[in-house]
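Shown here: start_12.txt, compact mmCIF, C-alpha atoms.
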# COMPACT_ATOMS: atom_id res chain seq x y z
CA MET A 1426 118.66 176.45 146.38
CA PRO A 1427 120.27 177.33 149.72
CA ASN A 1428 119.50 180.66 151.38
CA VAL A 1429 122.78 182.35 152.21
CA GLY A 1430 123.04 185.49 154.33
CA VAL A 1431 125.71 188.08 153.47
CA LEU A 1432 126.34 190.43 156.40
CA LEU A 1433 127.61 193.81 155.17
CA SER A 1434 129.12 196.63 157.25
CA GLY A 1435 128.83 199.65 154.93
CA CYS A 1436 130.35 200.40 151.51
CA GLY A 1437 134.10 201.06 151.25
CA PHE A 1438 137.10 199.31 152.79
CA LEU A 1439 138.21 202.17 155.09
CA ASP A 1440 134.89 202.68 156.89
CA GLY A 1441 132.61 199.85 155.73
CA ALA A 1442 132.46 196.57 153.85
CA GLU A 1443 135.32 195.94 151.41
CA ILE A 1444 133.49 196.43 148.11
CA HIS A 1445 135.44 193.91 145.99
CA GLU A 1446 135.12 191.19 148.63
CA SER A 1447 131.38 191.85 148.97
CA VAL A 1448 130.64 191.84 145.22
CA LEU A 1449 132.87 188.81 144.58
CA THR A 1450 131.01 186.94 147.34
CA LEU A 1451 127.70 187.79 145.62
CA LEU A 1452 129.19 186.69 142.26
CA ALA A 1453 130.37 183.32 143.60
CA LEU A 1454 127.05 182.70 145.38
CA ASP A 1455 125.06 183.60 142.25
CA GLN A 1456 127.30 181.39 140.10
CA GLN A 1457 126.51 178.51 142.50
CA GLY A 1458 122.75 179.18 142.32
CA ALA A 1459 122.34 180.31 145.94
CA THR A 1460 119.56 182.67 147.04
CA ILE A 1461 121.29 185.70 148.59
CA ILE A 1462 119.94 187.55 151.66
CA CYS A 1463 122.00 190.69 152.26
CA CYS A 1464 121.73 192.32 155.68
CA ALA A 1465 123.47 194.99 157.76
CA PRO A 1466 122.92 196.69 161.11
CA LYS A 1467 121.12 200.05 161.28
CA VAL A 1468 123.87 202.00 163.04
CA SER A 1469 125.83 205.14 162.20
CA PHE A 1470 129.54 205.17 161.39
CA ALA A 1471 132.35 207.71 160.99
CA VAL A 1472 133.09 208.44 157.31
CA VAL A 1473 136.64 208.12 155.96
CA ASP A 1474 137.47 209.89 152.67
CA HIS A 1475 138.81 207.13 150.39
CA LEU A 1476 140.96 209.58 148.40
CA THR A 1477 142.75 211.25 151.33
CA LYS A 1478 142.27 208.25 153.67
CA LYS A 1479 141.35 210.72 156.44
CA PRO A 1480 138.17 210.96 158.58
CA THR A 1481 135.79 213.64 157.33
CA GLY A 1482 133.88 214.13 160.61
CA GLU A 1483 130.68 213.11 158.83
CA LYS A 1484 128.37 210.28 159.92
CA ARG A 1485 126.48 207.91 157.62
CA ASP A 1486 124.21 204.88 158.18
CA VAL A 1487 125.70 201.39 157.72
CA LEU A 1488 122.45 199.89 156.38
CA ALA A 1489 121.80 202.68 153.85
CA GLU A 1490 125.39 202.59 152.55
CA ALA A 1491 125.49 198.77 152.41
CA ALA A 1492 122.30 199.00 150.30
CA ARG A 1493 124.54 200.44 147.54
CA ILE A 1494 126.38 197.10 147.27
CA ALA A 1495 123.12 195.13 147.56
CA ARG A 1496 121.33 197.27 144.93
CA GLY A 1497 118.65 198.07 147.53
CA GLU A 1498 117.90 194.39 148.25
CA ILE A 1499 118.95 194.35 151.90
CA ARG A 1500 117.40 193.82 155.32
CA ASP A 1501 118.14 195.23 158.76
CA VAL A 1502 120.08 192.41 160.45
CA ALA A 1503 117.68 192.77 163.42
CA THR A 1504 114.94 191.24 161.21
CA VAL A 1505 117.01 188.22 160.09
CA GLN A 1506 116.81 184.93 162.02
CA ALA A 1507 119.30 182.08 161.75
CA THR A 1508 116.35 179.76 161.02
CA GLN A 1509 115.84 181.68 157.73
CA LEU A 1510 119.40 180.93 156.57
CA ASP A 1511 121.27 177.82 155.48
CA ALA A 1512 124.64 179.59 155.80
CA LEU A 1513 126.10 183.03 156.53
CA ILE A 1514 129.08 184.84 154.96
CA LEU A 1515 130.91 187.85 156.43
CA PRO A 1516 132.92 189.98 153.94
CA GLY A 1517 135.76 192.09 155.36
CA GLY A 1518 136.80 195.73 155.26
CA PHE A 1519 137.36 197.99 158.27
CA GLY A 1520 133.58 198.09 158.71
CA ALA A 1521 133.68 194.51 160.01
CA ALA A 1522 136.14 195.65 162.71
CA LYS A 1523 134.67 199.13 163.37
CA ASN A 1524 130.91 198.96 162.67
CA LEU A 1525 129.96 195.33 163.43
CA CYS A 1526 132.24 195.27 166.48
CA ASN A 1527 135.03 197.45 167.90
CA PHE A 1528 137.95 195.06 167.24
CA ALA A 1529 139.87 197.83 165.41
CA GLU A 1530 139.94 199.82 168.65
CA LYS A 1531 139.77 197.19 171.42
CA GLY A 1532 141.42 194.12 169.87
CA ALA A 1533 140.72 190.83 171.69
CA ALA A 1534 138.64 192.71 174.32
CA CYS A 1535 136.17 193.93 171.67
CA THR A 1536 132.40 193.94 171.98
CA VAL A 1537 130.02 193.09 169.12
CA HIS A 1538 126.84 194.84 167.87
CA PRO A 1539 124.09 192.89 169.69
CA GLU A 1540 122.07 191.92 166.59
CA VAL A 1541 125.25 190.86 164.77
CA GLU A 1542 126.29 188.77 167.79
CA ARG A 1543 122.83 187.18 167.98
CA LEU A 1544 122.70 186.17 164.31
CA ILE A 1545 126.26 184.83 164.11
CA GLY A 1546 125.96 183.15 167.52
CA ASP A 1547 122.69 181.47 166.52
CA CYS A 1548 124.25 180.23 163.26
CA LEU A 1549 127.18 178.70 165.18
CA ALA A 1550 124.80 177.12 167.73
CA ALA A 1551 122.65 175.65 164.96
CA ARG A 1552 125.78 174.37 163.15
CA LYS A 1553 125.01 176.43 160.04
CA PRO A 1554 128.21 177.05 158.03
CA VAL A 1555 129.77 180.49 158.50
CA GLY A 1556 132.31 181.97 156.07
CA ALA A 1557 134.55 184.87 157.12
CA ILE A 1558 136.69 186.96 154.75
CA CYS A 1559 139.70 189.28 155.34
CA ILE A 1560 139.44 190.77 158.87
CA ALA A 1561 135.96 189.29 159.55
CA PRO A 1562 137.50 186.14 161.15
CA ALA A 1563 138.46 188.41 164.10
CA LEU A 1564 134.76 189.26 164.59
CA LEU A 1565 133.83 185.59 164.23
CA ALA A 1566 136.57 184.54 166.69
CA ARG A 1567 135.17 186.88 169.36
CA ILE A 1568 131.67 185.37 169.09
CA ALA A 1569 132.89 181.76 168.74
CA GLY A 1570 135.44 182.03 171.54
CA LYS A 1571 132.88 183.40 174.01
CA ARG A 1572 130.73 180.32 173.31
CA GLY A 1573 133.60 177.82 173.68
CA VAL A 1574 133.69 177.12 169.93
CA LYS A 1575 137.45 176.78 169.29
CA ALA A 1576 137.25 177.47 165.55
CA THR A 1577 140.29 177.33 163.26
CA LEU A 1578 140.50 180.52 161.18
CA THR A 1579 142.85 182.39 158.85
CA ILE A 1580 143.41 186.10 158.27
CA GLY A 1581 146.50 185.37 156.15
CA ASN A 1582 149.74 185.79 158.11
CA ASP A 1583 149.53 189.01 160.17
CA ALA A 1584 151.02 188.02 163.54
CA GLY A 1585 149.20 190.66 165.59
CA THR A 1586 145.74 189.78 164.29
CA ALA A 1587 146.52 186.05 164.47
CA GLY A 1588 147.55 186.51 168.12
CA ALA A 1589 144.28 188.31 168.89
CA ILE A 1590 142.32 185.41 167.34
CA VAL A 1591 144.15 182.99 169.65
CA ALA A 1592 143.58 185.34 172.62
CA MET A 1593 139.84 185.24 171.87
CA GLY A 1594 139.84 181.43 172.16
CA CYS A 1595 140.25 180.28 168.56
CA VAL A 1596 143.07 178.80 166.47
CA HIS A 1597 144.91 180.58 163.63
CA GLU A 1598 146.50 178.98 160.57
CA ASN A 1599 148.43 180.96 157.93
CA ARG A 1600 147.05 180.79 154.39
CA PRO A 1601 147.87 182.55 151.08
CA VAL A 1602 145.26 184.83 149.46
CA THR A 1603 144.10 182.18 146.98
CA GLU A 1604 143.41 179.57 149.68
CA VAL A 1605 140.94 178.91 152.52
CA ALA A 1606 141.10 177.51 156.04
CA VAL A 1607 138.30 174.94 156.45
CA ASP A 1608 137.23 173.86 159.96
CA ARG A 1609 134.81 171.02 159.20
CA ALA A 1610 134.15 170.23 162.88
CA HIS A 1611 132.84 173.74 163.57
CA LYS A 1612 131.61 174.44 159.99
CA VAL A 1613 133.70 177.58 159.66
CA VAL A 1614 135.58 178.65 156.50
CA SER A 1615 137.88 181.68 156.08
CA THR A 1616 140.13 183.31 153.46
CA PRO A 1617 142.60 186.25 153.74
CA ALA A 1618 141.39 188.33 150.71
CA TYR A 1619 142.62 191.95 151.06
CA MET A 1620 144.48 191.19 154.32
CA LEU A 1621 147.03 190.06 151.70
CA GLY A 1622 145.80 191.43 148.34
CA PRO A 1623 147.09 191.94 145.70
CA GLY A 1624 144.01 192.41 143.51
CA PRO A 1625 140.54 191.18 142.57
CA ALA A 1626 141.62 188.08 140.58
CA ALA A 1627 143.61 186.54 143.46
CA VAL A 1628 140.98 187.63 146.00
CA PHE A 1629 138.23 186.03 143.91
CA GLU A 1630 140.11 182.74 143.78
CA GLY A 1631 140.03 182.57 147.59
CA ILE A 1632 136.43 183.77 147.87
CA ARG A 1633 135.23 181.33 145.19
CA LYS A 1634 136.78 178.47 147.20
CA LEU A 1635 135.27 179.82 150.43
CA VAL A 1636 131.78 179.91 148.91
CA GLU A 1637 132.18 176.38 147.52
CA GLN A 1638 133.29 175.06 150.93
CA VAL A 1639 130.54 176.91 152.82
CA LEU A 1640 127.87 175.48 150.50
CA ALA A 1641 129.39 171.98 150.77
CA LEU A 1642 129.09 172.16 154.58
CA ILE A 1643 125.31 172.84 154.54
CA MET B 472 150.50 194.39 129.82
CA PRO B 473 147.98 196.86 128.40
CA ASN B 474 147.01 199.97 130.38
CA VAL B 475 143.24 200.10 130.58
CA GLY B 476 141.34 203.09 131.93
CA VAL B 477 138.13 202.49 133.92
CA LEU B 478 136.02 205.65 134.11
CA LEU B 479 133.84 205.63 137.24
CA SER B 480 130.94 207.96 138.09
CA GLY B 481 130.54 207.50 141.85
CA CYS B 482 129.65 204.47 143.98
CA GLY B 483 126.10 203.09 143.83
CA PHE B 484 123.72 202.43 140.94
CA LEU B 485 121.13 205.11 141.77
CA ASP B 486 123.53 208.08 141.93
CA GLY B 487 126.90 206.79 140.76
CA ALA B 488 128.72 203.89 139.13
CA GLU B 489 126.94 200.52 139.33
CA ILE B 490 129.12 198.75 141.90
CA HIS B 491 128.80 195.17 140.59
CA GLU B 492 129.56 196.27 137.01
CA SER B 493 132.58 198.27 138.18
CA VAL B 494 134.07 195.50 140.36
CA LEU B 495 133.38 192.81 137.75
CA THR B 496 135.16 194.96 135.15
CA LEU B 497 138.17 195.20 137.49
CA LEU B 498 138.01 191.43 138.08
CA ALA B 499 137.95 190.59 134.36
CA LEU B 500 140.79 193.05 133.62
CA ASP B 501 142.91 191.66 136.48
CA GLN B 502 142.23 188.07 135.35
CA GLN B 503 143.52 189.09 131.88
CA GLY B 504 146.66 190.69 133.37
CA ALA B 505 145.81 194.29 132.41
CA THR B 506 147.13 197.29 134.34
CA ILE B 507 144.08 199.19 135.59
CA ILE B 508 143.90 203.01 135.73
CA CYS B 509 140.71 204.08 137.51
CA CYS B 510 139.57 207.66 137.04
CA ALA B 511 136.54 209.85 137.71
CA PRO B 512 135.62 213.53 137.41
CA LYS B 513 135.91 215.83 140.44
CA VAL B 514 132.32 217.05 140.48
CA SER B 515 129.53 216.98 143.05
CA PHE B 516 126.37 214.90 142.70
CA ALA B 517 122.97 214.60 144.37
CA VAL B 518 122.83 211.64 146.78
CA VAL B 519 120.06 209.03 146.49
CA ASP B 520 119.36 206.80 149.52
CA HIS B 521 119.72 203.23 148.21
CA LEU B 522 117.28 201.85 150.80
CA THR B 523 114.39 204.27 150.19
CA LYS B 524 115.46 205.04 146.58
CA LYS B 525 114.73 208.73 147.29
CA PRO B 526 117.01 211.81 147.04
CA THR B 527 118.40 212.89 150.42
CA GLY B 528 119.19 216.50 149.46
CA GLU B 529 122.86 215.83 150.29
CA LYS B 530 125.79 216.39 147.90
CA ARG B 531 128.89 214.20 147.63
CA ASP B 532 131.96 214.22 145.37
CA VAL B 533 132.08 211.75 142.45
CA LEU B 534 135.87 211.26 142.66
CA ALA B 535 135.92 210.67 146.44
CA GLU B 536 133.02 208.19 146.28
CA ALA B 537 134.44 206.38 143.23
CA ALA B 538 137.66 205.99 145.26
CA ARG B 539 135.72 203.50 147.42
CA ILE B 540 135.40 201.13 144.46
CA ALA B 541 139.02 201.75 143.41
CA ARG B 542 140.37 201.24 146.97
CA GLY B 543 141.91 204.74 146.80
CA GLU B 544 143.83 204.01 143.57
CA ILE B 545 142.11 206.56 141.34
CA ARG B 546 142.95 209.72 139.39
CA ASP B 547 140.99 212.83 138.53
CA VAL B 548 139.97 212.23 134.90
CA ALA B 549 141.34 215.72 134.11
CA THR B 550 144.87 214.31 134.65
CA VAL B 551 144.43 211.29 132.36
CA GLN B 552 145.44 211.51 128.69
CA ALA B 553 144.37 209.08 125.97
CA THR B 554 148.07 208.63 125.13
CA GLN B 555 148.51 206.98 128.57
CA LEU B 556 145.86 204.34 127.81
CA ASP B 557 145.62 201.36 125.47
CA ALA B 558 141.85 201.09 126.00
CA LEU B 559 139.05 202.61 128.08
CA ILE B 560 136.02 200.98 129.75
CA LEU B 561 132.91 202.78 131.02
CA PRO B 562 130.82 200.91 133.64
CA GLY B 563 127.16 201.89 133.97
CA GLY B 564 124.86 202.99 136.76
CA PHE B 565 122.81 206.20 136.84
CA GLY B 566 126.07 208.07 137.52
CA ALA B 567 127.07 207.52 133.87
CA ALA B 568 123.83 209.26 132.82
CA LYS B 569 123.66 211.88 135.60
CA ASN B 570 127.25 212.70 136.67
CA LEU B 571 129.33 212.10 133.51
CA CYS B 572 126.65 213.67 131.31
CA ASN B 573 123.00 214.69 131.71
CA PHE B 574 121.46 211.99 129.50
CA ALA B 575 119.07 210.98 132.32
CA GLU B 576 117.53 214.46 132.17
CA LYS B 577 118.08 215.62 128.57
CA GLY B 578 118.14 212.38 126.55
CA ALA B 579 119.63 212.69 123.06
CA ALA B 580 120.19 216.45 123.61
CA CYS B 581 122.51 215.80 126.56
CA THR B 582 125.84 217.49 127.23
CA VAL B 583 128.90 215.72 128.61
CA HIS B 584 131.34 216.70 131.40
CA PRO B 585 134.17 218.40 129.43
CA GLU B 586 137.04 216.22 130.74
CA VAL B 587 134.99 213.06 130.17
CA GLU B 588 134.19 214.21 126.62
CA ARG B 589 137.87 215.02 125.98
CA LEU B 590 139.18 211.63 127.17
CA ILE B 591 136.55 209.51 125.41
CA GLY B 592 136.73 211.67 122.26
CA ASP B 593 140.52 211.38 122.15
CA CYS B 594 140.31 207.58 122.57
CA LEU B 595 137.85 207.36 119.65
CA ALA B 596 140.03 209.66 117.51
CA ALA B 597 143.15 207.60 118.28
CA ARG B 598 141.23 204.36 117.54
CA LYS B 599 141.80 203.02 121.06
CA PRO B 600 139.13 200.43 121.95
CA VAL B 601 136.30 201.70 124.15
CA GLY B 602 133.99 199.38 126.10
CA ALA B 603 130.64 200.63 127.43
CA ILE B 604 128.43 198.79 129.93
CA CYS B 605 124.71 199.12 130.83
CA ILE B 606 123.59 202.74 130.20
CA ALA B 607 127.13 203.98 129.39
CA PRO B 608 126.63 203.32 125.63
CA ALA B 609 124.25 206.33 125.67
CA LEU B 610 127.12 208.54 126.89
CA LEU B 611 129.45 207.01 124.32
CA ALA B 612 126.86 207.49 121.54
CA ARG B 613 126.63 211.21 122.30
CA ILE B 614 130.40 211.68 121.98
CA ALA B 615 130.79 209.36 118.97
CA GLY B 616 127.78 210.76 117.13
CA LYS B 617 129.02 214.37 117.47
CA ARG B 618 132.28 213.26 115.80
CA GLY B 619 130.59 211.38 112.95
CA VAL B 620 131.60 207.99 114.38
CA LYS B 621 128.51 205.88 113.63
CA ALA B 622 129.23 203.21 116.26
CA THR B 623 127.06 200.12 116.73
CA LEU B 624 126.09 199.73 120.38
CA THR B 625 123.76 197.76 122.65
CA ILE B 626 121.98 198.68 125.85
CA GLY B 627 119.95 195.45 125.74
CA ASN B 628 116.47 195.97 124.31
CA ASP B 629 114.95 199.12 125.87
CA ALA B 630 113.26 200.83 122.92
CA GLY B 631 113.42 204.36 124.35
CA THR B 632 117.14 204.27 125.10
CA ALA B 633 117.86 202.49 121.80
CA GLY B 634 115.96 205.26 119.99
CA ALA B 635 118.03 207.93 121.73
CA ILE B 636 121.23 206.17 120.64
CA VAL B 637 120.02 206.28 117.04
CA ALA B 638 118.97 209.95 117.45
CA MET B 639 122.53 210.74 118.58
CA GLY B 640 123.94 209.32 115.33
CA CYS B 641 124.80 205.74 116.26
CA VAL B 642 123.31 202.29 115.57
CA HIS B 643 121.60 200.06 118.14
CA GLU B 644 121.46 196.26 118.16
CA ASN B 645 119.53 194.22 120.76
CA ARG B 646 121.63 191.82 122.84
CA PRO B 647 120.94 189.57 125.89
CA VAL B 648 122.75 190.25 129.17
CA THR B 649 125.36 187.54 128.61
CA GLU B 650 126.38 188.87 125.18
CA VAL B 651 128.22 191.84 123.66
CA ALA B 652 127.85 194.02 120.59
CA VAL B 653 131.25 194.33 118.88
CA ASP B 654 131.87 197.11 116.36
CA ARG B 655 135.30 196.20 114.97
CA ALA B 656 135.38 199.10 112.51
CA HIS B 657 135.05 201.70 115.26
CA LYS B 658 136.66 199.56 118.02
CA VAL B 659 133.67 199.86 120.31
CA VAL B 660 132.25 197.02 122.48
CA SER B 661 129.12 197.11 124.66
CA THR B 662 127.04 194.82 126.89
CA PRO B 663 123.64 195.37 128.61
CA ALA B 664 124.57 194.29 132.18
CA TYR B 665 122.01 195.68 134.67
CA MET B 666 119.92 197.28 131.90
CA LEU B 667 118.65 193.67 131.84
CA GLY B 668 119.95 192.03 135.02
CA PRO B 669 119.17 189.57 136.60
CA GLY B 670 122.25 189.20 138.81
CA PRO B 671 126.04 189.24 139.07
CA ALA B 672 126.70 185.86 137.40
CA ALA B 673 124.88 186.75 134.17
CA VAL B 674 126.25 190.32 134.25
CA PHE B 675 129.80 188.99 134.69
CA GLU B 676 129.40 186.70 131.66
CA GLY B 677 128.71 189.76 129.49
CA ILE B 678 131.41 191.92 131.10
CA ARG B 679 134.02 189.14 130.82
CA LYS B 680 133.29 188.92 127.08
CA LEU B 681 133.41 192.72 126.76
CA VAL B 682 136.85 192.86 128.42
CA GLU B 683 138.16 190.05 126.20
CA GLN B 684 136.92 191.81 123.05
CA VAL B 685 138.25 195.22 124.14
CA LEU B 686 141.71 193.75 124.81
CA ALA B 687 141.63 191.86 121.48
CA LEU B 688 140.99 195.15 119.64
CA ILE B 689 144.12 196.88 121.04
Just give me the structure as structure tokens.
Amino acid sequence: MPNVGVLLSGCGFLDGAEIHESVLTLLALDQQGATIICCAPKVSFAVVDHLTKKPTGEKRDVLAEAARIARGEIRDVATVQATQLDALILPGGFGAAKNLCNFAEKGAACTVHPEVERLIGDCLAARKPVGAICIAPALLARIAGKRGVKATLTIGNDAGTAGAIVAMGCVHENRPVTEVAVDRAHKVVSTPAYMLGPGPAAVFEGIRKLVEQVLALI
Amino acid sequence: MPNVGVLLSGCGFLDGAEIHESVLTLLALDQQGATIICCAPKVSFAVVDHLTKKPTGEKRDVLAEAARIARGEIRDVATVQATQLDALILPGGFGAAKNLCNFAEKGAACTVHPEVERLIGDCLAARKPVGAICIAPALLARIAGKRGVKATLTIGNDAGTAGAIVAMGCVHENRPVTEVAVDRAHKVVSTPAYMLGPGPAAVFEGIRKLVEQVLALI
């Protein structure tokens, strides 16, 4: 049974990990018999009210909120080594672009949380498959591009985000929500999920394929 | 396309709706082509840290936190009428036993949030199918039992909870996590989910069957 890391960024699409994408990743991994290792950075984030879609001024902790999705079975990413994983999957949500890095604010010039950069960078260096969902390919592109890994990724068809992925040194290919982009040379798989929507059934079709491809690349 | 209500109780199994059960309910409904109407009561709850599993002393709002699972597409349960729904599904999590009613504290003598009691009671009276997951059958038993609806329900095999369901005027039948109890006479379906675990794949098998049976009873 492969050990697959799932790197979460909170709990809620406006200020953390997209909940559907995270749970559907866990579902697909469990259906395939993988052992799941959830992790998240211990860092505070700015809360967004998901009813009003406005910031509340409150701060919460990414790791404690991500523990809601993981049912308490989660580790501080600082304690997770690439050698303990056979593959790593990054669900999306604004948390991936605001809490794991600052892509939402800085675009292609973003910086990444150091422990997140270490783990993902070590996985790429060790040629362990990495899956990235929704906006998470932008985070992955920043880390890959800096290391000269010209990975092919998809975030769906948003021209601005696709342009930023190219600016960070990677390649973008358009895909529909139910499909994946598979870069076998660099062992990177991606799917648009809620960058395109429209709901959990279509999103799961893409995520199920992503998980299958990630596991096949181990 | 049937309109199916999904009544949430927050966001996180220790103080709100169980996230996997909620998302997997939305997945199964979307796969079946149902129109989903998420709702939750506007009421505050006591936060539990999902890492330490201890109360933090903080209060949050059930509706605003449930909006994380619903991606903002959610209504105050006070605005939802049974006439607008073809069926209603209640995911579990401690929120169903602490925020929608006080079963976690009072057991068979529990009282139910008035708008939650109204909506579920009206669905039972109108013979609209009701599905209940995990601990939510205890909430449903309280409302059904008070109305003389002797529904057959399952919460898995926990003797204490099963006894409380009987004490509230309903019938309990043991079921494994991948199965459902179907009461065709009263149009009530239930499945144990995380009352038994062990993970999202097994839980989804039960929830997928529950959704199929609920839709078949419309």
Return as a PDB file with C-alpha atoms, keeping the file's coordinate frame the residues belonging to chain B that are within 7 Å of chain A, counting all atoms listed in the file.
ATOM      1  CA  GLY B 483     126.100 203.090 143.830  1.00  0.00           C
ATOM      2  CA  PHE B 484     123.720 202.430 140.940  1.00  0.00           C
ATOM      3  CA  ILE B 490     129.120 198.750 141.900  1.00  0.00           C
ATOM      4  CA  HIS B 491     128.800 195.170 140.590  1.00  0.00           C
ATOM      5  CA  VAL B 494     134.070 195.500 140.360  1.00  0.00           C
ATOM      6  CA  LEU B 497     138.170 195.200 137.490  1.00  0.00           C
ATOM      7  CA  LEU B 498     138.010 191.430 138.080  1.00  0.00           C
ATOM      8  CA  ASP B 501     142.910 191.660 136.480  1.00  0.00           C
ATOM      9  CA  GLN B 502     142.230 188.070 135.350  1.00  0.00           C
ATOM     10  CA  ASP B 520     119.360 206.800 149.520  1.00  0.00           C
ATOM     11  CA  HIS B 521     119.720 203.230 148.210  1.00  0.00           C
ATOM     12  CA  LEU B 522     117.280 201.850 150.800  1.00  0.00           C
ATOM     13  CA  ALA B 535     135.920 210.670 146.440  1.00  0.00           C
ATOM     14  CA  ALA B 538     137.660 205.990 145.260  1.00  0.00           C
ATOM     15  CA  ARG B 539     135.720 203.500 147.420  1.00  0.00           C
ATOM     16  CA  ILE B 540     135.400 201.130 144.460  1.00  0.00           C
ATOM     17  CA  ARG B 542     140.370 201.240 146.970  1.00  0.00           C
ATOM     18  CA  GLY B 543     141.910 204.740 146.800  1.00  0.00           C
ATOM     19  CA  PRO B 671     126.040 189.240 139.070  1.00  0.00           C
ATOM     20  CA  ALA B 672     126.700 185.860 137.400  1.00  0.00           C
TER      21      ALA B 672
END
Review point. If you measure from atom CA of B:Thr554 to atom CA of B:Thr625, what distance in Å do you get, rounded to one decimal?
Key: 26.7 Å
**Study point:** Distance of atom CA of A:Leu1640 from atom CA of A:Arg1543, expressed in Å to one decimal place
**Key:**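 Separation of atom CA of A:Arg1543 and atom CA of A:Leu1640: 21.6 Å.
Candidate residues B:Gly566, B:Gly631, B:Pro512, B:Gly481 were compared for distance to B:Glu586, and the nearest is B:Pro512, using only C-alpha atoms.
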Check your understanding: Given the choices A:Pro1539, A:Gly1518, A:Gly1631, A:Pro1601, which gets closest to A:Gly1581 if the distance is worked out from only C-alpha atoms?
Key -> A:Pro1601
Revision key, fill the gap. A straight line from atom CA of A:Ile1632 to atom CA of B:Ala687 spans 28.1 Å
Taking 6 positions as the minimum chain separation for residues in the same chain, which residues sit within 9 Å of stretch 619-623 of chain B when counting all atoms listed in the file? Answer as a PDB file with C-alpha atoms, keeping the file's coordinate frame.
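As a result, out_0.pdb now contains:
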ATOM      1  CA  LEU B 595     137.850 207.360 119.650  1.00  0.00           C
ATOM      2  CA  LEU B 611     129.450 207.010 124.320  1.00  0.00           C
ATOM      3  CA  ALA B 612     126.860 207.490 121.540  1.00  0.00           C
ATOM      4  CA  GLY B 640     123.940 209.320 115.330  1.00  0.00           C
ATOM      5  CA  CYS B 641     124.800 205.740 116.260  1.00  0.00           C
ATOM      6  CA  VAL B 642     123.310 202.290 115.570  1.00  0.00           C
ATOM      7  CA  HIS B 643     121.600 200.060 118.140  1.00  0.00           C
ATOM      8  CA  GLU B 644     121.460 196.260 118.160  1.00  0.00           C
ATOM      9  CA  ALA B 652     127.850 194.020 120.590  1.00  0.00           C
ATOM     10  CA  VAL B 653     131.250 194.330 118.880  1.00  0.00           C
ATOM     11  CA  ASP B 654     131.870 197.110 116.360  1.00  0.00           C
ATOM     12  CA  ALA B 656     135.380 199.100 112.510  1.00  0.00           C
ATOM     13  CA  HIS B 657     135.050 201.700 115.260  1.00  0.00           C
ATOM     14  CA  LYS B 658     136.660 199.560 118.020  1.00  0.00           C
ATOM     15  CA  VAL B 659     133.670 199.860 120.310  1.00  0.00           C
ATOM     16  CA  VAL B 660     132.250 197.020 122.480  1.00  0.00           C
ATOM     17  CA  SER B 661     129.120 197.110 124.660  1.00  0.00           C
TER      18      SER B 661
END
If you take every atom of stretch 1616-1621 of chain A that the file lists and fit an axis-aligned box around them with 4 Å extra on each side, what centre and edge lengths come out in Å to one decimal, as AutoDock Vina command-line options?
--center_x 143.6 --center_y 187.6 --center_z 152.5 --size_x 14.9 --size_y 16.6 --size_z 11.6
Practice item. Have a look at B:Leu667, B:Ala505, B:Ala597, B:Ala549 and name the one nearest to B:Leu478; count all atoms listed in the file. Key: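 Closest to B:Leu478, using all atoms listed in the file: B:Ala549.
The neighbours of A:Gly1556 here are the residues that come within 9 Å of it, using all atoms listed in the file and leaving out any residue fewer than 6 positions away in the same chain; they are Ala1512, Leu1513, Ile1514, Leu1515, Pro1516, Pro1562, Lys1612, Val1613, Val1614, Ser1615, Thr1616, Leu1635, Val1636, Gln1638 and Val1639 of chain A.
Closest approach to B:Lys599 from the set B:Ile507, B:Ala553, B:Ala633, B:Val648 is made by B:Ala553, with distances taken over all atoms listed in the file.
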